[in-house]
Each structure stands twice: as C-alpha cells, then as structure tokens.
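Q: Dropping in run-v9.tsv, which is TSV, C-alpha atoms:
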chain	number	residue	atom	x	y	z
O	1	MET	CA	-71.98	-33.41	41.35
O	2	PHE	CA	-74.85	-33.35	43.79
O	3	ILE	CA	-75.59	-29.64	43.60
O	4	THR	CA	-79.09	-28.27	43.21
O	5	GLU	CA	-80.44	-26.93	39.93
O	6	SER	CA	-80.28	-23.31	41.15
O	7	GLU	CA	-76.68	-23.77	42.34
O	8	LYS	CA	-75.81	-25.29	38.98
O	9	ILE	CA	-77.24	-22.29	37.12
O	10	LEU	CA	-75.34	-19.90	39.36
O	11	SER	CA	-72.06	-21.84	39.00
O	12	GLU	CA	-72.31	-22.09	35.23
O	13	GLU	CA	-72.99	-18.38	34.93
O	14	TYR	CA	-70.02	-17.57	37.18
O	15	LEU	CA	-67.70	-19.85	35.24
O	16	ASP	CA	-68.94	-18.59	31.89
O	17	LYS	CA	-68.98	-14.83	32.60
O	18	GLY	CA	-66.58	-14.56	35.54
O	19	TYR	CA	-69.22	-12.90	37.69
O	20	ILE	CA	-72.83	-12.94	38.80
O	21	ILE	CA	-75.11	-10.02	39.62
O	22	ARG	CA	-78.10	-10.85	41.78
O	23	LYS	CA	-80.79	-9.21	43.86
O	24	ILE	CA	-79.97	-9.17	47.55
O	25	ASP	CA	-82.13	-11.51	49.62
O	26	ASP	CA	-81.44	-9.84	52.94
O	27	THR	CA	-82.55	-6.26	52.30
O	28	GLU	CA	-82.67	-5.61	56.05
O	29	ALA	CA	-78.89	-6.10	56.20
O	30	LEU	CA	-78.34	-3.87	53.17
O	31	ASP	CA	-80.49	-1.07	54.59
O	32	TRP	CA	-78.64	-1.36	57.92
O	33	ILE	CA	-75.35	-0.85	56.10
O	34	ARG	CA	-76.55	2.15	54.09
O	35	ASN	CA	-78.15	3.78	57.12
O	36	LYS	CA	-74.90	3.40	59.08
O	37	PHE	CA	-72.99	5.06	56.25
O	38	CYS	CA	-75.42	7.96	56.19
O	39	LEU	CA	-75.14	8.41	59.98
O	40	LEU	CA	-71.34	8.49	59.70
O	41	ILE	CA	-71.51	11.03	56.88
O	42	ASN	CA	-73.97	13.17	58.85
O	43	HIS	CA	-71.63	13.04	61.83
O	44	THR	CA	-68.65	14.10	59.70
O	45	LEU	CA	-70.59	16.64	57.61
O	46	PRO	CA	-73.39	18.02	59.84
O	47	GLU	CA	-74.75	20.15	56.97
O	48	THR	CA	-75.96	16.93	55.30
O	49	ASN	CA	-78.29	15.90	58.14
O	50	ASP	CA	-81.61	16.33	56.33
O	51	ILE	CA	-80.65	14.82	53.00
O	52	GLU	CA	-82.18	11.51	51.95
O	53	ALA	CA	-79.72	8.58	51.59
O	54	GLU	CA	-79.68	8.13	47.82
O	55	GLU	CA	-79.41	11.84	47.12
O	56	LEU	CA	-76.71	12.30	49.76
O	57	LEU	CA	-74.49	9.48	48.49
O	58	ASN	CA	-74.89	10.34	44.81
O	59	ASN	CA	-74.06	13.98	45.48
O	60	ILE	CA	-71.27	13.66	48.03
O	61	HIS	CA	-68.95	15.52	45.59
O	62	LYS	CA	-70.92	18.66	46.44
O	63	TYR	CA	-69.71	18.39	50.05
O	64	VAL	CA	-66.27	16.79	49.78
O	65	SER	CA	-63.50	18.07	47.53
O	66	VAL	CA	-61.08	15.76	45.73
O	67	SER	CA	-58.26	16.96	47.97
O	68	LYS	CA	-60.19	15.96	51.11
O	69	LEU	CA	-61.60	12.76	49.67
O	70	ASN	CA	-59.08	10.27	51.03
O	71	GLU	CA	-59.19	11.71	54.55
O	72	PHE	CA	-63.00	11.61	54.39
O	73	ARG	CA	-63.02	8.04	53.02
O	74	LEU	CA	-60.67	6.83	55.76
O	75	LYS	CA	-62.82	8.40	58.44
O	76	ILE	CA	-65.93	6.73	57.09
O	77	ILE	CA	-64.33	3.33	56.58
O	78	GLN	CA	-62.76	3.35	60.04
O	79	GLY	CA	-66.14	4.27	61.49
O	80	ILE	CA	-68.03	1.54	59.66
O	81	ASN	CA	-65.41	-1.12	60.33
O	82	SER	CA	-65.60	-0.36	64.05
O	83	GLU	CA	-69.28	-1.42	64.03
O	84	GLU	CA	-69.16	-4.90	65.54
O	85	ILE	CA	-71.84	-6.42	63.30
O	86	PHE	CA	-70.88	-4.66	60.07
O	87	ARG	CA	-69.03	-7.64	58.60
O	88	GLU	CA	-71.84	-9.98	59.54
O	89	MET	CA	-74.33	-7.68	57.80
O	90	TYR	CA	-72.07	-7.56	54.76
O	91	PHE	CA	-71.89	-11.35	54.68
O	92	ARG	CA	-75.67	-11.60	54.98
O	93	VAL	CA	-76.26	-9.67	51.78
O	94	ALA	CA	-74.45	-12.34	49.77
O	95	ARG	CA	-74.63	-15.42	51.98
O	96	ASN	CA	-76.76	-17.63	49.72
O	97	TYR	CA	-74.70	-16.90	46.64
O	98	LEU	CA	-71.41	-17.37	48.48
O	99	GLU	CA	-72.50	-20.73	49.83
O	100	ALA	CA	-73.40	-21.83	46.30
O	101	LEU	CA	-70.23	-20.53	44.63
O	102	VAL	CA	-67.58	-20.91	47.33
O	103	GLY	CA	-68.81	-23.24	50.05
O	104	ASN	CA	-70.31	-23.17	53.50
O	105	GLU	CA	-67.10	-22.97	55.51
O	106	LEU	CA	-65.89	-19.53	54.64
O	107	ALA	CA	-63.07	-17.16	55.48
O	108	MET	CA	-63.82	-13.45	55.16
O	109	GLN	CA	-61.56	-10.44	54.82
O	110	LEU	CA	-61.03	-8.71	58.18
O	111	ARG	CA	-61.52	-5.16	56.95
O	112	ILE	CA	-63.94	-4.26	54.19
O	113	ASN	CA	-62.75	-1.78	51.56
O	114	LEU	CA	-64.64	1.31	50.49
O	115	SER	CA	-64.37	3.06	47.16
O	116	ILE	CA	-65.77	6.54	46.56
O	117	GLN	CA	-65.39	7.85	43.04
O	118	LEU	CA	-66.30	11.48	42.53
O	119	PRO	CA	-67.26	12.64	39.03
O	120	GLN	CA	-64.20	13.47	36.91
O	121	ASP	CA	-61.81	12.54	39.74
O	122	ASP	CA	-58.68	10.84	38.45
O	123	SER	CA	-57.10	10.38	41.89
O	124	SER	CA	-58.97	7.23	42.97
O	125	LEU	CA	-58.57	5.05	39.91
O	126	LEU	CA	-57.71	1.38	39.91
O	127	PRO	CA	-55.71	0.57	36.78
O	128	VAL	CA	-56.40	-2.73	35.10
O	129	HIS	CA	-55.16	-5.57	37.28
O	130	SER	CA	-55.86	-9.10	38.39
O	131	ASP	CA	-55.65	-9.59	42.16
O	132	VAL	CA	-54.05	-12.99	41.61
O	133	TRP	CA	-51.20	-11.36	39.67
O	134	SER	CA	-50.32	-9.50	42.86
O	135	GLY	CA	-50.49	-12.41	45.26
O	136	ASP	CA	-54.13	-13.20	45.98
O	137	SER	CA	-55.24	-16.80	45.93
O	138	PRO	CA	-57.26	-17.81	42.85
O	139	PHE	CA	-59.64	-19.49	45.30
O	140	GLU	CA	-60.99	-16.10	46.41
O	141	VAL	CA	-64.08	-14.26	45.17
O	142	VAL	CA	-64.90	-10.59	45.62
O	143	VAL	CA	-68.28	-9.48	46.88
O	144	TRP	CA	-68.79	-5.98	45.43
O	145	LEU	CA	-71.64	-4.06	46.98
O	146	PRO	CA	-72.81	-0.66	45.71
O	147	LEU	CA	-74.60	1.84	47.92
O	148	VAL	CA	-75.89	3.71	44.84
O	149	ASN	CA	-76.90	2.66	41.34
O	150	CYS	CA	-73.68	2.07	39.37
O	151	TYR	CA	-73.83	2.33	35.59
O	152	GLY	CA	-71.68	3.46	32.68
O	153	SER	CA	-68.32	4.85	33.77
O	154	LYS	CA	-69.62	5.03	37.37
O	155	ALA	CA	-69.35	1.23	37.41
O	156	MET	CA	-66.34	-1.12	37.14
O	157	TYR	CA	-65.25	-3.25	34.23
O	158	ILE	CA	-64.01	-6.82	33.93
O	159	LEU	CA	-62.35	-8.80	31.16
O	160	PRO	CA	-64.44	-11.93	30.45
O	161	PRO	CA	-62.81	-15.36	30.95
O	162	ASP	CA	-62.30	-16.14	27.24
O	163	LYS	CA	-60.63	-12.78	26.58
O	164	SER	CA	-58.66	-13.10	29.78
O	165	ALA	CA	-57.31	-16.44	28.61
O	166	GLU	CA	-56.18	-14.76	25.36
O	167	LEU	CA	-54.48	-12.01	27.37
O	168	VAL	CA	-52.66	-14.53	29.54
O	169	GLU	CA	-51.36	-16.22	26.37
O	170	LYS	CA	-50.00	-12.92	25.02
O	171	PHE	CA	-49.23	-11.36	28.39
O	172	ALA	CA	-45.54	-10.73	27.76
O	173	ILE	CA	-46.34	-8.68	24.64
O	174	LYS	CA	-49.45	-6.84	25.87
O	175	ALA	CA	-48.12	-5.99	29.31
O	176	SER	CA	-44.75	-4.77	28.17
O	177	GLY	CA	-45.66	-1.09	28.62
O	178	SER	CA	-47.74	0.66	31.29
O	179	SER	CA	-51.04	-0.53	32.71
O	180	GLU	CA	-52.65	2.10	30.45
O	181	THR	CA	-51.08	0.39	27.43
O	182	LEU	CA	-52.49	-2.87	28.73
O	183	PHE	CA	-55.94	-1.32	29.14
O	184	GLN	CA	-55.85	0.14	25.63
O	185	SER	CA	-55.08	-3.33	24.28
O	186	ILE	CA	-58.20	-4.82	25.92
O	187	LYS	CA	-60.59	-1.88	26.10
O	188	ASN	CA	-62.84	-3.20	23.33
O	189	ASP	CA	-63.19	-6.53	25.11
O	190	VAL	CA	-63.92	-5.41	28.68
O	191	GLN	CA	-67.43	-5.55	30.01
O	192	TRP	CA	-68.86	-2.72	32.09
O	193	LEU	CA	-71.01	-4.07	34.92
O	194	ASP	CA	-74.17	-2.16	35.76
O	195	VAL	CA	-75.07	-2.93	39.37
O	196	SER	CA	-77.98	-1.19	41.07
O	197	TYR	CA	-78.52	-0.54	44.74
O	198	GLY	CA	-80.23	-3.67	46.03
O	199	GLU	CA	-78.04	-5.92	43.90
O	200	VAL	CA	-74.71	-7.56	44.64
O	201	LEU	CA	-71.89	-8.44	42.27
O	202	ILE	CA	-69.68	-11.44	42.97
O	203	PHE	CA	-66.73	-11.70	40.62
O	204	ASP	CA	-63.59	-13.69	39.95
O	205	GLN	CA	-60.77	-11.37	41.04
O	206	GLY	CA	-58.36	-13.46	38.96
O	207	LEU	CA	-59.85	-11.78	35.87
O	208	PRO	CA	-58.40	-8.39	34.89
O	209	HIS	CA	-60.65	-5.58	36.14
O	210	GLY	CA	-60.55	-1.94	37.19
O	211	ASN	CA	-62.27	1.38	36.74
O	212	ARG	CA	-61.85	4.59	34.73
O	213	ILE	CA	-62.69	8.22	35.41
O	214	ASN	CA	-66.31	8.48	36.51
O	215	GLU	CA	-67.82	10.64	33.77
O	216	GLU	CA	-71.36	10.45	35.11
O	217	ASN	CA	-72.82	13.30	37.17
O	218	GLU	CA	-73.09	11.24	40.35
O	219	SER	CA	-70.59	9.86	42.85
O	220	ARG	CA	-69.99	6.16	43.16
O	221	TRP	CA	-70.01	4.42	46.54
O	222	SER	CA	-69.09	0.76	46.57
O	223	MET	CA	-67.51	-1.70	48.96
O	224	ASN	CA	-65.54	-4.81	48.22
O	225	CYS	CA	-64.61	-7.78	50.35
O	226	ARG	CA	-62.96	-11.10	49.62
O	227	PHE	CA	-64.24	-14.52	50.64
O	228	LYS	CA	-62.77	-17.99	50.21
O	229	GLY	CA	-63.13	-21.51	51.53
O	230	VAL	CA	-61.41	-21.71	54.93
O	231	PHE	CA	-59.39	-24.78	53.99
O	232	THR	CA	-58.56	-23.79	50.40
O	233	PRO	CA	-55.04	-22.56	49.51
O	234	TYR	CA	-54.06	-19.06	50.64
O	235	GLY	CA	-51.98	-16.64	48.62
O	236	ASP	CA	-50.14	-13.67	50.05
O	237	LYS	CA	-53.21	-12.73	52.10
O	238	LYS	CA	-53.11	-15.10	55.03
O	239	ILE	CA	-55.42	-16.38	57.71
O	240	GLY	CA	-55.25	-14.03	60.67
O	241	GLU	CA	-53.63	-11.01	59.08
O	242	PHE	CA	-56.19	-10.73	56.26
O	243	PHE	CA	-58.80	-13.50	56.49
O	244	GLU	CA	-60.79	-14.85	59.38
O	245	PRO	CA	-62.98	-17.97	59.50
O	246	ILE	CA	-66.64	-16.98	59.78
O	247	THR	CA	-68.71	-20.13	59.26
O	248	LEU	CA	-66.72	-23.07	60.58
O	249	ARG	CA	-68.89	-26.14	61.06
O	250	ALA	CA	-68.95	-28.45	64.06
O	251	ALA	CA	-67.10	-31.33	62.41
O	252	SER	CA	-64.19	-29.08	61.45
O	253	GLN	CA	-64.02	-27.63	64.93
O	254	LYS	CA	-63.95	-31.14	66.38
O	255	GLY	CA	-61.35	-32.26	63.86
O	256	MET	CA	-59.03	-29.33	64.50
O	257	ALA	CA	-59.07	-30.00	68.24
O	258	TYR	CA	-58.78	-33.80	67.96
O	259	LYS	CA	-55.90	-35.59	69.66
O	260	LEU	CA	-55.06	-39.24	69.11
O	261	PRO	CA	-54.57	-41.24	72.33
O	262	LYS	CA	-50.94	-41.49	73.40
O	263	SER	CA	-49.58	-44.98	72.88
O	264	SER	CA	-46.78	-44.65	75.38
V	1	MET	CA	-53.13	6.90	77.38
V	2	ASN	CA	-52.73	3.14	77.94
V	3	LYS	CA	-49.18	1.85	78.19
V	4	VAL	CA	-48.40	-1.30	76.24
V	5	ARG	CA	-45.30	-3.46	76.02
V	6	GLY	CA	-44.19	-4.48	72.52
V	7	TYR	CA	-43.28	-8.09	71.80
V	8	ILE	CA	-41.41	-9.26	68.71
V	9	PHE	CA	-39.64	-12.39	67.45
V	10	SER	CA	-36.02	-12.94	66.46
V	11	ARG	CA	-36.75	-16.22	64.66
V	12	PRO	CA	-39.13	-17.29	61.90
V	13	PHE	CA	-42.68	-18.13	62.96
V	14	MET	CA	-45.14	-20.27	61.03
V	15	GLY	CA	-42.61	-20.48	58.22
V	16	GLU	CA	-42.32	-16.70	57.86
V	17	ARG	CA	-39.60	-14.27	58.81
V	18	VAL	CA	-40.09	-10.55	59.41
V	19	PRO	CA	-37.10	-8.28	60.17
V	20	GLN	CA	-37.24	-6.98	63.73
V	21	HIS	CA	-37.29	-3.32	62.73
V	22	VAL	CA	-40.25	-4.01	60.46
V	23	GLN	CA	-42.08	-5.73	63.33
V	24	ASN	CA	-41.46	-2.64	65.45
V	25	LEU	CA	-42.65	-0.32	62.69
V	26	VAL	CA	-45.93	-2.20	62.45
V	27	ILE	CA	-46.35	-2.16	66.24
V	28	ARG	CA	-45.57	1.57	66.45
V	29	ASP	CA	-48.09	2.33	63.71
V	30	TYR	CA	-50.72	0.19	65.45
V	31	CYS	CA	-50.13	2.06	68.71
V	32	ASN	CA	-50.40	5.42	66.99
V	33	ARG	CA	-53.66	4.50	65.36
V	34	ASN	CA	-55.10	3.12	68.57
V	35	ASN	CA	-53.88	5.84	70.88
V	36	LEU	CA	-51.58	3.54	72.87
V	37	GLN	CA	-48.28	4.46	74.49
V	38	PHE	CA	-45.72	2.08	73.02
V	39	LEU	CA	-43.04	0.86	75.42
V	40	LEU	CA	-39.93	-0.65	73.91
V	41	SER	CA	-40.40	-4.16	72.53
V	42	ALA	CA	-39.14	-7.27	74.25
V	43	THR	CA	-37.44	-9.55	71.74
V	44	GLU	CA	-37.94	-13.30	72.04
V	45	TYR	CA	-34.89	-15.58	72.00
V	46	ALA	CA	-34.07	-17.27	68.72
V	47	MET	CA	-34.09	-20.85	70.04
V	48	THR	CA	-36.91	-22.94	68.54
V	49	GLY	CA	-39.94	-23.24	70.81
V	50	CYS	CA	-38.50	-20.84	73.40
V	51	HIS	CA	-40.90	-18.34	75.03
V	52	LEU	CA	-38.79	-17.25	78.00
V	53	ILE	CA	-39.01	-13.57	77.15
V	54	HIS	CA	-42.74	-13.84	76.70
V	55	GLU	CA	-43.04	-15.41	80.14
V	56	GLN	CA	-41.10	-12.47	81.55
V	57	VAL	CA	-43.39	-10.01	79.76
V	58	MET	CA	-46.41	-11.83	81.23
V	59	ASP	CA	-44.80	-11.71	84.69
V	60	GLU	CA	-44.56	-7.93	84.36
V	61	LEU	CA	-48.10	-7.53	83.05
V	62	SER	CA	-49.24	-5.74	86.21
V	63	GLU	CA	-46.95	-2.81	85.34
V	64	VAL	CA	-48.59	-2.08	81.97
V	65	ASP	CA	-52.07	-1.93	80.46
V	66	GLY	CA	-51.38	-4.63	77.93
V	67	ILE	CA	-49.10	-6.20	75.35
V	68	VAL	CA	-48.79	-5.56	71.62
V	69	ALA	CA	-47.28	-8.53	69.81
V	70	TYR	CA	-46.39	-8.23	66.16
V	71	SER	CA	-48.67	-11.14	65.23
V	72	ILE	CA	-51.09	-13.67	66.66
V	73	PHE	CA	-48.61	-16.32	65.57
V	74	LEU	CA	-45.97	-15.23	68.07
V	75	LEU	CA	-48.06	-16.93	70.75
V	76	PRO	CA	-46.88	-20.44	71.70
V	77	GLU	CA	-47.82	-23.22	69.29
V	78	ASN	CA	-48.96	-25.32	72.25
V	79	ALA	CA	-52.70	-24.79	72.84
V	80	GLU	CA	-52.50	-25.24	76.62
V	81	LYS	CA	-49.80	-22.56	76.87
V	82	ARG	CA	-51.93	-20.20	74.80
V	83	GLN	CA	-54.87	-20.92	77.06
V	84	LYS	CA	-52.85	-19.85	80.10
V	85	ILE	CA	-51.99	-16.57	78.40
V	86	TYR	CA	-55.66	-15.91	77.58
V	87	GLU	CA	-56.69	-16.66	81.15
V	88	LYS	CA	-53.99	-14.57	82.83
V	89	THR	CA	-54.70	-11.58	80.57
V	90	ILE	CA	-58.43	-11.72	81.34
V	91	VAL	CA	-57.96	-12.25	85.07
V	92	MET	CA	-55.60	-9.27	85.25
V	93	LYS	CA	-58.07	-7.17	83.22
V	94	LYS	CA	-55.45	-6.35	80.58
V	95	THR	CA	-55.63	-6.24	76.78
V	96	TYR	CA	-53.43	-8.25	74.44
V	97	HIS	CA	-53.10	-6.70	70.97
V	98	PHE	CA	-51.80	-8.13	67.70
V	99	ALA	CA	-50.50	-5.38	65.44
V	100	VAL	CA	-50.33	-6.94	62.00
V	101	GLU	CA	-53.80	-8.49	62.26
V	102	GLY	CA	-55.31	-5.48	64.04
V	103	LEU	CA	-56.97	-7.85	66.54
V	104	LYS	CA	-57.00	-7.97	70.33
V	105	PHE	CA	-58.44	-9.87	73.26
V	106	SER	CA	-59.52	-8.94	76.74
V	107	ASN	CA	-62.46	-11.31	77.21
V	108	LYS	CA	-63.44	-14.92	76.55
V	109	LYS	CA	-65.29	-14.19	73.29
V	110	GLU	CA	-62.26	-12.42	71.82
V	111	CYS	CA	-59.97	-15.25	72.97
V	112	ASP	CA	-62.19	-17.77	71.17
V	113	ARG	CA	-61.84	-15.70	68.00
V	114	ILE	CA	-58.04	-15.69	68.25
V	115	GLU	CA	-57.96	-19.40	69.06
V	116	LEU	CA	-60.10	-20.26	66.03
V	117	ILE	CA	-57.67	-18.45	63.75
V	118	TRP	CA	-54.80	-20.33	65.40
V	119	ARG	CA	-56.45	-23.71	64.93
V	120	VAL	CA	-57.25	-23.08	61.28
V	121	ARG	CA	-53.67	-21.92	60.71
V	122	GLN	CA	-52.32	-25.06	62.33
V	123	THR	CA	-54.61	-27.20	60.19
V	124	LEU	CA	-53.70	-25.56	56.86
V	125	PRO	CA	-50.48	-27.55	56.28
V	126	ASP	CA	-52.73	-30.60	56.06
V	127	CYS	CA	-54.96	-28.98	53.42
V	128	TYR	CA	-54.22	-28.88	49.73
V	129	ARG	CA	-52.05	-26.19	48.23
V	130	TYR	CA	-51.50	-24.83	44.78
V	131	LEU	CA	-48.20	-23.84	43.22
V	132	ALA	CA	-48.27	-20.52	41.41
Output the structure of this file as structure tokens.
A:
Amino acid sequence: MFITESEKILSEEYLDKGYIIRKIDDTEALDWIRNKFCLLINHTLPETNDIEAEELLNNIHKYVSVSKLNEFRLKIIQGINSEEIFREMYFRVARNYLEALVGNELAMQLRINLSIQLPQDDSSLLPVHSDVWSGDSPFEVVVWLPLVNCYGSKAMYILPPDKSAELVEKFAIKASGSSETLFQSIKNDVQWLDVSYGEVLIFDQGLPHGNRINEENESRWSMNCRFKGVFTPYGDKKIGEFFEPITLRAASQKGMAYKLPKSS
Amino acid sequence: MNKVRGYIFSRPFMGERVPQHVQNLVIRDYCNRNNLQFLLSATEYAMTGCHLIHEQVMDELSEVDGIVAYSIFLLPENAEKRQKIYEKTIVMKKTYHFAVEGLKFSNKKECDRIELIWRVRQTLPDCYRYLA
C-alpha cells in the first residue's frame, strides 16, 4: 500500500480502536460554526445576548427546559442547516483525516444532526446501537464534532472492535432482552470518549455506541455527520435522499459522462 | 404562498417502489415545512420509460410556481431530457422541488448539483456492492 507514514498511523489507530480523536486543523471553520450556533441561540433566546460562547453552550439548561428542548433543538438545527456553507465548514474541520481514512472522493450526509444533552435529562438518550444493524453501510464513518468539552457521562461511549466482535458472536444471547439489557452486558467493556472543543472524533458507526444520562453539571452540544466513499456500497441511506457527492474528481466526472461512439 | 403541483410515480424507479399515498404524504409534509401550497399530485403512467404526465405538468408550469416531485429519481433517466427540464424551469423562473431529498433547483448551480447526484446514482450499478 502506497500510503504515507502519517496516513498509516491514522489508519492503524482507527482499525485498532474503532475511532480517532484529533485536533482540528481548520480552526477558522470550527469557530465559524460555533459563532453561527451562538447567533442562532441569541436570536431564539434574546436574554442570552451577552453571554460568552463556552459559558452559553455549557449552561443552556438554565434557559431551556427539558420539555422545550426538542422544539429548541429543531429550531437551531434548521437554522444552521439553512446556512449555505455550513456543510462545507463542517467538512473542513475533518477533511485531512477523512481523506486519509475514507478517500478523496467523498459523499456527505445532506443534513447534519445536532445533539443537545441537558444534565440529568433522560429524554434525549441514544440506547446502545450499531448504525449498520439498522441499515447503514459499513463503509460509512461518523464525524462527531463537539461545541463544548465533552467528558465523563457528558461524552459518548463506544464498544472497541475486539469486544464488538465478541458481542457479534454472542449476539443472539446478549440481545435477547431490551437494549438496556444489552448495555448492561457490555457496560464494563465500553470506552467513554473524552473529546474537547477544538478536537474531532471520527468513529466506526458499525461498532455499538450510544450515550447515558449526562450526570455532569454542564450541557453537551455535539453534531454528527456521516461520510463515505462516493463509489462504495450504500446501505439504506442512499445517494440523493441522504448522501451527496462533495469531492468528485475530474476523471470520475469525465467517466460518468462518457459515451462510446455509436457503431451503427 | 407559492402554489406547487405534486408529481408522483405509479411504477418502480431506480429499483425502488414507494406506495403512492406514501409519496403524497412526503410531498405534503415537505410543502408544510416549506410554506408551499400543495396542489393535487399528477401521477405518472406505469409504462416503463413513459413521462407523458410529466410533460403535461411541464406544459402547465406557467399556471403554478413550481413542481414538487417525490424524488429526484422521478426525472427521466435520459440526460438530454433532464437537461430540457432544467432549462425550461429556469427560463420560466419556477422552482422544482424534490420532497424526499429536500432539494430543489431554480438556477444553473442547483441544476448541476441535482445532475451530479443523478450521474453518481446511474454509475453505482457498475461499482462494487456488499451483501449484508
């Protein structure tokens, strides 16, 4: 394989741990994203106008109740997704790592997801799951981007590849009850991923992952978005309705439009 | 509020089949979310490759503000025919929406985006696949 030494290190780490966490190269793009979020929050909650970004995001539970959280989240995510360059900015924060792990002709999810987890809120939990179990292609990766420092129960967890392989072997037994039963059977093996603002997590969404009640004193803000090679197999999430090509190269564009001469 | 004509299929497209009432549900929801007045959908004939109803909808484009098709992939498979639809929509200053993808076009840049998705989709059968 003719990959560079740095790409090799990154690939081996991803294959070994099922994820990488790295500093973001393009901090300008990250700051653009966070500033846009703060502007949208200020617009929705005018009383927050003078609060600094980190403090505002970490303490959003002081301004939004659990009962209003989903409505608030939808308003913010619709607002941010309507920004024409938002997805490009999101891509920029992880571009180098994606090109090393996935390839340089990429398809990106059309709409980026937002997760806000208020302290002690049990209404926004993601039970243990593997995206591939519910129809995603195993060729996809998730770029998980926090807007605040995520640590402890404010973060997400993942089951490492070796333990995941064991689970797959015994899946019929371990998954016979609820997803909570499944979590209890793997809770000593899962790894909690501390990711700070300024870092990005790229993980294998085929590995079981999820979150629990945020028992920290701060709110979590994170986004997630899937990427895959344009010409790799698709699962239930198809080109057009879910993915869009974002970095098609000239040769592919030529090839897709090519017509053989007619012989008759 | 902009008036838009719905457009759905009565046959499979790109190897997929969606019940007509489900196509209409998705279109209605898209219109609600985008503040569009949904006019009853025109349903394409079931014969393979037939786009007669679509041609009629395009002929009546001047009477509405745009079209909402269930999916990008209800457009004709033939690239030249798609091109004509892009051009007519732009010339008539209308907007063509695609409900399930949440995409639309009303200018050249947006048409290029739709066309790229089409071309990749048409190329995928030649790429490798995995069996779950």
Q: Where does chain O meet chain V within 7 Å, residue by residue, with the nearest atom pair and distance in Å to one decimal for each, counting only C-alpha atoms, listed by chain and rising number, as CSV?
A:
residue,atom,partner,partner_atom,distance
O:Phe231,CA,V:Cys127,CA,6.1
O:Thr232,CA,V:Tyr128,CA,6.7
O:Pro233,CA,V:Arg129,CA,4.9
O:Ile239,CA,V:Arg121,CA,6.5
O:Gly240,CA,V:Ile117,CA,5.9
O:Glu241,CA,V:Glu101,CA,4.1
O:Phe242,CA,V:Glu101,CA,6.8
O:Glu244,CA,V:Ile117,CA,6.5
O:Pro245,CA,V:Ile117,CA,6.8
O:Met256,CA,V:Arg119,CA,6.2
Q: Do you know which residues are at most 10 Å from stretch 41-50 of chain O counting all atoms listed in the file, after dropping those on the same chain fewer than 4 positions away, and could you put them as a list in words?
A: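 Counting all atoms listed in the file, the residues come to Asn35, Lys36, Phe37, Leu56, Leu57, Ile60, Tyr63, Val64, Phe72, Arg73, Lys75, Ile76 and Gly79 of chain O.
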Q: I'd like the contact shell of stretch 29-42 of chain V - 12 Å cut-off, only C-alpha atoms, skipping same-chain residues fewer than 3 positions apart - returned as a VMD selection string.
A: (chain O and resid 78 82) or (chain V and resid 1 to 10 20 to 26 45 51 to 58 60 63 to 71 95 97 to 104)
Q: Excluding stretch 84-92 of chain O and its own-chain neighbours fewer than 5 positions away, which residues fall within 8 Å of it when counting only C-alpha atoms? Please give them as an NGL selection string.
A: :O and (26 or 29-30 or 32-33 or 112)
Q: I'd like the contact shell of O:Pro160 - 10 Å cut-off, all atoms listed in the file, skipping same-chain residues fewer than 2 positions apart - returned as a ChimeraX atom specification.
A: /O:15-19,157-158,162-165,189-191,204,207-209
Q: For atom CA of O:Leu167 and atom CA of O:Leu201, quote the distance in Å rounded to one decimal.
A: 23.2 Å
Q: Rounded to one decimal in Å, what is the spacing between atom CA of O:Ile21 and atom CA of O:Cys38?
A: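 One can read the atom CA of O:Ile21 to atom CA of O:Cys38 distance as 24.5 Å.
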